[in-house]
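Q: The structure file upload.txt (compact mmCIF, C-alpha atoms) is provided below.
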```
# COMPACT_ATOMS: atom_id res chain seq x y z
CA MET A 682 0.00 0.00 0.00
CA SER A 683 1.43 3.40 -0.96
CA HIS A 684 2.09 6.12 1.58
CA GLN A 685 -0.81 8.27 0.32
CA VAL A 686 -3.26 5.38 0.61
CA GLN A 687 -2.10 4.59 4.15
CA LYS A 688 -2.40 8.23 5.16
CA LEU A 689 -5.86 8.46 3.62
CA ALA A 690 -6.99 5.26 5.34
CA ALA A 691 -5.81 6.56 8.72
CA SER A 692 -7.62 9.87 8.32
CA ALA A 693 -10.76 8.29 6.82
CA SER A 694 -11.91 7.10 10.22
CA ARG A 695 -12.27 10.74 11.29
CA GLN A 696 -15.74 11.92 10.28
CA ILE A 697 -17.14 15.39 10.79
CA ASN A 698 -20.78 16.34 10.47
CA ALA A 699 -21.39 19.65 8.71
CA VAL A 700 -24.12 21.81 7.20
CA VAL A 701 -23.78 23.04 3.60
CA VAL A 702 -23.84 26.85 3.65
CA SER A 703 -23.08 27.63 0.01
CA SER A 704 -23.28 25.40 -3.05
CA GLY A 705 -23.36 25.82 -6.80
CA LEU A 706 -21.03 28.83 -6.84
CA MET A 707 -17.79 26.88 -7.29
CA SER A 708 -17.22 23.87 -9.50
CA LYS A 709 -17.34 20.65 -7.43
CA THR A 710 -16.79 22.59 -4.20
CA VAL A 711 -19.16 23.60 -1.39
CA LYS A 712 -18.75 25.71 1.72
CA VAL A 713 -19.79 24.01 4.98
CA ARG A 714 -20.18 25.06 8.60
CA ILE A 715 -18.82 22.78 11.31
CA GLY A 716 -19.14 23.05 15.06
CA VAL A 717 -15.93 23.39 17.02
CA GLN A 718 -15.08 24.38 20.55
CA LYS A 719 -12.89 27.37 21.27
CA TRP A 720 -10.99 27.78 24.54
CA ASN A 721 -11.58 31.02 26.44
CA LYS A 722 -8.36 31.68 28.33
CA HIS A 723 -9.89 34.22 30.72
CA ILE A 724 -12.86 32.09 31.84
CA GLN A 725 -10.93 28.82 31.49
CA LYS A 726 -13.73 27.14 29.59
CA ASP A 727 -14.50 25.80 26.09
CA PHE A 728 -17.32 27.54 24.21
CA ASN A 729 -19.15 26.40 21.09
CA HIS A 730 -17.94 28.13 17.98
CA THR A 731 -18.56 27.63 14.24
CA SER A 732 -15.92 27.29 11.58
CA HIS A 733 -16.25 27.21 7.79
CA LEU A 734 -14.48 24.82 5.43
CA LEU A 735 -14.39 24.29 1.68
CA VAL A 736 -15.22 20.69 0.79
CA HIS A 737 -14.72 18.79 -2.47
CA ASP A 738 -18.00 17.46 -3.93
CA PRO A 739 -16.92 15.18 -6.83
CA ALA A 740 -20.42 14.59 -8.23
CA SER A 741 -21.86 18.08 -7.51
CA SER A 742 -24.69 16.40 -5.62
CA LEU A 743 -24.95 18.75 -2.61
CA ARG A 744 -27.46 21.56 -2.12
CA THR A 745 -27.52 24.41 0.39
CA GLY A 746 -28.97 23.20 3.70
CA ASP A 747 -27.89 19.54 3.42
CA ILE A 748 -26.42 17.91 6.49
CA ILE A 749 -23.41 15.88 5.39
CA SER A 750 -20.54 13.82 6.72
CA ILE A 751 -17.05 14.89 5.61
CA SER A 752 -13.58 13.48 6.13
CA PRO A 753 -10.08 14.80 5.54
CA GLY A 754 -8.85 13.73 2.13
CA TRP A 755 -6.02 14.66 -0.17
CA ARG A 756 -5.62 18.32 -0.94
CA THR A 757 -7.77 19.21 -3.95
CA SER A 758 -6.68 22.84 -4.18
CA LYS A 759 -5.07 25.52 -2.02
CA ASN A 760 -8.03 25.77 0.37
CA VAL A 761 -9.92 22.48 -0.17
CA HIS A 762 -8.68 19.69 2.11
CA HIS A 763 -11.85 17.69 2.88
CA VAL A 764 -14.16 15.48 0.82
CA VAL A 765 -17.82 14.47 1.14
CA ARG A 766 -18.44 10.98 2.53
CA GLU A 767 -22.23 10.88 2.52
CA ILE A 768 -25.40 12.94 2.73
CA ILE A 769 -26.98 12.43 6.15
CA ALA A 770 -30.12 14.57 5.73
CA PRO A 771 -30.96 16.16 2.37
CA PHE A 772 -32.61 19.56 2.21
CA GLY A 773 -35.08 20.16 -0.60
CA GLU A 774 -34.53 17.75 -3.47
CA PRO A 775 -34.45 14.07 -2.35
CA ILE A 776 -31.26 12.02 -2.63
CA GLU A 777 -32.74 9.82 -5.37
CA GLY A 778 -32.98 12.84 -7.70
CA ARG A 779 -29.31 13.75 -7.32
CA PRO A 780 -26.10 12.18 -8.62
CA PRO A 781 -24.74 9.65 -6.10
CA VAL A 782 -21.82 10.62 -3.85
CA PRO A 783 -18.86 8.45 -4.91
CA SER A 784 -17.43 6.05 -2.34
CA GLU A 785 -13.84 6.21 -1.15
CA GLU A 786 -12.85 3.30 -3.43
CA GLU A 787 -14.41 5.01 -6.46
CA ARG A 788 -12.59 8.27 -5.65
CA MET A 789 -9.30 6.39 -5.31
CA ALA A 790 -9.87 4.60 -8.64
CA VAL A 791 -10.55 7.91 -10.42
CA ARG A 792 -7.46 9.46 -8.82
CA GLU A 793 -5.25 6.52 -9.85
CA ALA A 794 -6.62 6.63 -13.42
CA LYS A 795 -5.89 10.37 -13.68
CA ASN A 796 -2.41 9.88 -12.23
CA THR A 797 -1.66 7.04 -14.66
CA ALA A 798 -2.84 9.15 -17.62
CA LYS A 799 -0.71 12.06 -16.41
CA GLN A 800 2.41 9.89 -16.10
CA GLU A 801 1.80 8.51 -19.61
CA ARG A 802 1.47 12.04 -21.05
CA ARG A 803 4.69 13.08 -19.30
CA ARG A 804 6.51 10.02 -20.64
CA GLU A 805 5.30 10.67 -24.20
CA ARG A 806 6.27 14.35 -23.96
CA ALA A 807 9.73 13.51 -22.62
CA GLU A 808 10.27 11.00 -25.44
CA SER A 809 9.22 13.52 -28.09
CA LEU A 810 11.54 16.16 -26.62
CA GLU A 811 14.45 13.71 -26.54
CA VAL A 812 13.92 12.95 -30.24
CA GLU A 813 13.92 16.66 -31.10
CA VAL A 814 17.06 17.32 -29.06
CA GLU A 815 18.98 14.22 -30.23
CA THR A 816 18.73 15.15 -33.92
CA PRO A 817 21.11 18.16 -33.71
CA ALA A 818 23.16 16.44 -30.99
CA GLU A 819 24.25 13.77 -33.49
CA GLU A 820 26.23 16.44 -35.34
CA THR A 821 28.23 17.24 -32.20
CA PRO A 822 29.31 13.94 -30.55
CA GLU A 823 30.34 15.52 -27.22
CA LYS A 824 26.68 16.29 -26.41
CA THR A 825 25.05 12.85 -26.75
CA GLN A 826 23.60 12.93 -23.25
CA THR A 827 20.07 11.50 -23.35
CA THR A 828 18.83 12.57 -19.92
CA LYS A 829 18.75 16.35 -19.91
CA THR A 830 16.88 18.73 -17.70
CA GLN A 831 14.15 20.91 -19.10
CA SER A 832 16.35 24.02 -19.03
CA GLU A 833 19.16 22.17 -20.86
CA ARG A 834 16.72 21.04 -23.57
CA ARG A 835 15.40 24.60 -23.87
CA LEU A 836 18.95 25.98 -24.25
CA GLU A 837 19.78 23.31 -26.81
CA ARG A 838 16.71 24.13 -28.91
CA SER A 839 17.53 27.84 -28.67
CA ARG A 840 21.13 27.24 -29.77
CA VAL A 841 19.99 25.15 -32.74
CA TYR A 842 17.44 27.81 -33.71
CA TRP A 843 20.01 30.63 -33.69
CA GLU A 844 22.55 28.52 -35.60
CA LYS A 845 19.94 27.96 -38.32
CA LYS A 846 19.15 31.69 -38.37
CA ALA A 847 22.86 32.54 -38.71
CA ALA A 848 23.26 29.98 -41.54
CA GLU A 849 20.25 31.42 -43.38
CA LYS A 850 21.65 34.94 -42.98
CA GLU A 851 25.03 33.86 -44.43
CA GLU A 852 23.28 32.22 -47.40
CA LYS A 853 21.35 35.43 -48.11
CA GLU A 854 24.55 37.50 -47.96
CA GLN A 855 26.30 35.23 -50.50
```
Would you mind writing the structure in this file as C-alpha cells?

A:
Amino acid sequence: MSHQVQKLAASASRQINAVVVSSGLMSKTVKVRIGVQKWNKHIQKDFNHTSHLLVHDPASSLRTGDIISISPGWRTSKNVHHVVREIIAPFGEPIEGRPPVPSEEERMAVREAKNTAKQERRRERAESLEVEVETPAEETPEKTQTTKTQSERRLERSRVYWEKKAAEKEEKEQ
C-alpha cells in the first residue's frame, strides 16, 4: 500500500458532520459550517464556535442546507482539504434525484486513473523532446547525453534555432 493510501486510510476514520452553507457557486466545491469548541483563556472554559471549510464534492450532488458527513482527504486545491463521505439529511430535493456521492474506493480509482494518464502524457512528452534534441546532438558527438533537464533542452533548442538563423543569414549574404 502506498504512503498516500495509508495516510488516507488513517484519516478516513475521522468523520465530521457539517451543514452546507453555500453550493453551486464553485465547481465541485461547497462551503460548509462545522461546530468546534474554542478555549476562552480568561474564563478557562470551552465555548461552542462555528468554523467554515471548503469541501470537495466530486459529483456536484450537494445543495444548500444539506447535512453531510465529511472526512479529511487529499488536498484538492489551495483551500480544499476535505471530501464528502455521505449525505446524512438532504434539504429540498431528495437524494434519489441527485447524482450519487462516490465512495472512497471510487474516488481512489478515479485518482489513480488520472495519475496514470498524467504519467503517460509526461513520458510521451519527454520522449518527443528527446527525439527533437537528439537530432542536432548527433552532429556534435560531445553532447550525446540522453537525460537532460528541461532548461538544458530549452537551451539546446535555442542554440539550434540561432545557428539555423545565422546559416540562413550567411546564405542570403552570398

Q: I need the residue nearest A:Glu767 from this list: A:Gln855, A:Gln718, A:Gln725, A:Asn698. Use all atoms listed in the file for the distance.

A: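 Ranked by minimum distance to A:Glu767, first place goes to A:Asn698.
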
Q: Show which residues sit within 12 Å of A:Gly746, as a list in words. Count all atoms listed in the file, and ignore same-chain residues fewer than 2 positions away.

A: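 Listing them by chain and then by number gives Ala699, Val700, Val701, Val702, Ser703, Ser704, Val711, Lys712, Val713, Arg714, Leu743, Arg744, Ile748, Ile749, Ile768, Ile769, Ala770, Pro771, Phe772, Gly773 and Glu774 of chain A.
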
Q: Take the residues just selected and output them with C-alpha atoms as a PDB file, in the frame of the given file.

A:
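New file out21.pdb:
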```
ATOM      1  CA  ALA A 699     -21.390  19.650   8.710  1.00  0.00           C
ATOM      2  CA  VAL A 700     -24.120  21.810   7.200  1.00  0.00           C
ATOM      3  CA  VAL A 701     -23.780  23.040   3.600  1.00  0.00           C
ATOM      4  CA  VAL A 702     -23.840  26.850   3.650  1.00  0.00           C
ATOM      5  CA  SER A 703     -23.080  27.630   0.010  1.00  0.00           C
ATOM      6  CA  SER A 704     -23.280  25.400  -3.050  1.00  0.00           C
ATOM      7  CA  VAL A 711     -19.160  23.600  -1.390  1.00  0.00           C
ATOM      8  CA  LYS A 712     -18.750  25.710   1.720  1.00  0.00           C
ATOM      9  CA  VAL A 713     -19.790  24.010   4.980  1.00  0.00           C
ATOM     10  CA  ARG A 714     -20.180  25.060   8.600  1.00  0.00           C
ATOM     11  CA  LEU A 743     -24.950  18.750  -2.610  1.00  0.00           C
ATOM     12  CA  ARG A 744     -27.460  21.560  -2.120  1.00  0.00           C
ATOM     13  CA  ILE A 748     -26.420  17.910   6.490  1.00  0.00           C
ATOM     14  CA  ILE A 749     -23.410  15.880   5.390  1.00  0.00           C
ATOM     15  CA  ILE A 768     -25.400  12.940   2.730  1.00  0.00           C
ATOM     16  CA  ILE A 769     -26.980  12.430   6.150  1.00  0.00           C
ATOM     17  CA  ALA A 770     -30.120  14.570   5.730  1.00  0.00           C
ATOM     18  CA  PRO A 771     -30.960  16.160   2.370  1.00  0.00           C
ATOM     19  CA  PHE A 772     -32.610  19.560   2.210  1.00  0.00           C
ATOM     20  CA  GLY A 773     -35.080  20.160  -0.600  1.00  0.00           C
ATOM     21  CA  GLU A 774     -34.530  17.750  -3.470  1.00  0.00           C
TER      22      GLU A 774
END
```

Q: How many Å lie between atom CA of A:Val717 and atom CA of A:Ser694, rounded to one decimal?

A: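 The value is 18.1 Å.
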
Q: Counting only C-alpha atoms, which of A:Arg804, A:Arg779, A:Arg756, A:Lys722 gets nearest to A:Arg792?

A: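 For A:Arg792, the nearest of the candidates is A:Arg756.
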
Q: Go through A:Ile697, A:Ile715, A:Val736, A:Val765 one by one, measure the shortest atom-to-atom distance of each to A:Arg788 using only C-alpha atoms, and give the residue with the smallest value.

A: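 Selected residue with least distance to A:Arg788: A:Val765.
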
Q: Could you tell me which of A:Ala798, A:Ser752, A:Val761, A:Trp720 comes closest to A:Ser784 if we count all atoms listed in the file?

A: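 Closest to A:Ser784, using all atoms listed in the file: A:Ser752.
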
Q: With only C-alpha atoms as the basis for distance, which of A:Asn796, A:Ser758, A:Ser832, A:Ser732 is at the shortest distance from A:Lys719?

A: A:Ser732

Q: Have a look at atom CA of A:Gly705 and atom CA of A:Thr745 and let me know their distance in Å, one decimal.

A: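 Value for the atom CA of A:Gly705-atom CA of A:Thr745 distance: 8.4 Å.
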
Q: Between atom CA of A:Arg802 and atom CA of A:Lys709, what is the spacing in Å?

A: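 Taking atom CA of A:Lys709 and atom CA of A:Arg802, their separation equals 24.8 Å.
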
Q: Could you check the closest approach to A:Trp755 for each of A:Glu785, A:Glu849, A:Glu844, A:Glu811 and tell me which residue wins, using all atoms listed in the file?

A: A:Glu785

Q: For A:Pro780, work out the shell of residues within 8 Å, counting all atoms listed in the file and skipping chain neighbours fewer than 4 positions away, then give it as number ranges by chain.

A: A: 740-742, 776
